[in-house]
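Novice: This is the structure I have questions about; it appears just below.
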Number of protein chains: 2
Amino acid sequence: MLTLSTHAVQHSGMIETTKARLVAAASDLLDAGGQGAVTLRAVGEVVGVSHNAPYRHFRDRSALLAAVAERDFDGLRQAFQAKADDPRDARSSLWGAVLVMIAYARQHPARYRLLFSDPDLISPNSASVDGNLHVAAFGSFQAFAAIVRQCQSDGSLRPIETARLTGLIHATLHGAIDLELGGRAKEAKGLGSIEATMDLLLDLLAQPGA
Amino acid sequence: MLTLSTHAVQHSGMIETTKARLVAAASDLLDAGGQGAVTLRAVGEVVGVSHNAPYRHFRDRSALLAAVAERDFDGLRQAFQAKADDPRDARSSLWGAVLVMIAYARQHPARYRLLFSDPDLISPNSASVDGNLHVAAFGSFQAFAAIVRQCQSDGSLRPIETARLTGLIHATLHGAIDLELGGRAKEAKGLGSIEATMDLLLDLLAQPGA
DNA sequence: ACCTGAACACCGTTCAAGT
DNA sequence: ACCTGAACACCGTTCAAGT
């Protein structure tokens, strides 16, 4: 599951602009065959346009990928915010957000790596042009950080400086995910699944008194 | 620093086989321009051979990259083992090993990502042919794990199951490094440097009594 | 405003030869 | 055993047109 419900109103008129269809095609190709499969020729063929039609909508290939990333960052933010409203305690929200991230990474590994690992996504190219990407990325991070803060005022996480605490949780989660996606988890057996690693960390971060 | 002293005996006769020069050229190109710059044509030009000469020494491009990775894994293992013999306590060894990893990642980002992130390095291709890569990768991990075990018998790290504990430290270290290399650390400011994140984690992992 | 076809420079890889 | 040159299929990107 976790389709990261984009496509909010799309299925009503079934119109869907060409630009949106290009983004959807790139996203699907990413899932099917990774970065190497996202070729402008393949994207064009899926949508039914020529291989250089995307240039009418995006500056270049990396700008198209940035649009895919922006869409997913928004989806993650929504999913995190939904978890923040968990009827149970804040700790359940945090664990839920962690599971959202793990599920997204396992179901869309190439897309996960695009959002959280690819060095070309952020720095040199379309990033400055498309500031929306940064806004979306920051938004999803903020939604995650809000849950951490919730846990702290809740008393279920230690009163460390929130930014540093969020940084630690985020780094561990990303590291465990990236190692598994890269096939580095099987290297040393008994290293533990992503869930086991996060469970251990969150135990350590619990209030000593609780 | 941290040249990961390979080239053990190489500078004596200055002979250096073509195969070794191809690996060195690929490694340099990786540093200079990332994965995209490691083109068989560029590698050949640096060494002074034709663009398909590498095929006489490696099955394909990814096998050449695997050779680069194997060499670096060996270098990291040596560096970790050197830290294990730190005259001070085991905790200094661990922190030293962490700093080795951080320095290696910052000085050779593309090579770090090749070793610890690239999904194509391990799974489908030359990996099965070149079992040496797995041996080297496992060796460097084992050297790191040995230091963690040292800290536990030393009493400076909690008596959690060693594999899980090593997994947590390794995941956090990799995650913090990968986020910085990918430019994701600046996204949310105040998130803390790699060193700050590792310092926080190791504090949490210290014996409550100590 | 949006799209197409041809063309360019660049890849990894293969193959028939050369020594 | 090791290397070369030509060739193939495939890229991203550009450009002159077309509607």
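Letters A, B, ... mark the chains of the structure tokens in the order given; residue numbers begin at 1 per chain; ligand numbers begin at 1, in order shown.
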Chain B vs chain A: Cα RMSD after least-squares superposition over all Cα in order?
Specialist: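 My reading of the C-alpha RMSD is 0.0 Å.
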Novice: Write out, as CSV, each residue of chain D that has an atom at most 10 Å from chain A, together with the closest pair of atoms and their distance in Å to one decimal, counting only C-alpha atoms (C1' of nucleotides), rows going by chain and rising number.
Specialist:
```
residue,atom,partner,partner_atom,distance
D:DC11,C1',A:Thr39,CA,7.9
D:DG12,C1',A:Arg61,CA,7.9
D:DT13,C1',A:Asp60,CA,8.3
D:DT14,C1',A:Asn52,CA,9.9
```
Novice: I need the chain A residues near chain B as a list of chain:residue names; criterion: at most 7 Å, counting only C-alpha atoms.
Specialist: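 Taking only C-alpha atoms into account, A:Ser117, A:Asp118, A:Pro119, A:Ile122, A:Ser123, A:Phe138, A:Ala163, A:Arg164, A:Gly167, A:Leu168, A:Ala171, A:Thr172, A:His174, A:Gly175, A:Ala176, A:Asp178, A:Leu179, A:Leu181, A:Gly182, A:Gly183, A:Glu187, A:Ala188, A:Gly190, A:Leu191, A:Gly192, A:Thr197, A:Leu204 sit within 7 Å of chain B.
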Novice: As an exercise, work out the distance from CA of Ala136 in chain A to CA of Val68 in chain A in Å and give it to one decimal place.
Specialist: 11.3 Å
Novice: With DSSP run on the backbone, what are the alpha helix (DSSP H) residues within range 44-109 of chain A? I'd like them as a PyMOL selection string.
Specialist: chain A and resi 44-47+61-84+90-107+109
Novice: So that I can see what lies close to DA17 in chain C, please list as a list in words the residues with an atom at most 12 Å from it, counting only C-alpha atoms (C1' of nucleotides) and leaving out residues fewer than 6 positions away in the same chain.
Specialist: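 Final neighbour list, sorted by chain and number: DC3, DT4, DG5 and DA6 of chain D.
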Novice: Between CA of Gln207 in chain A and CA of Leu157 in chain A, what is the distance in Å, rounded to a tenth?
Specialist: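 Answer for the CA of Gln207 in chain A to CA of Leu157 in chain A separation: 5.5 Å.
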Novice: How many Å lie between C1' of DC10 in chain D and CA of Thr18 in chain B, rounded to one decimal?
Specialist: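 Distance between the two atoms: 29.1 Å.
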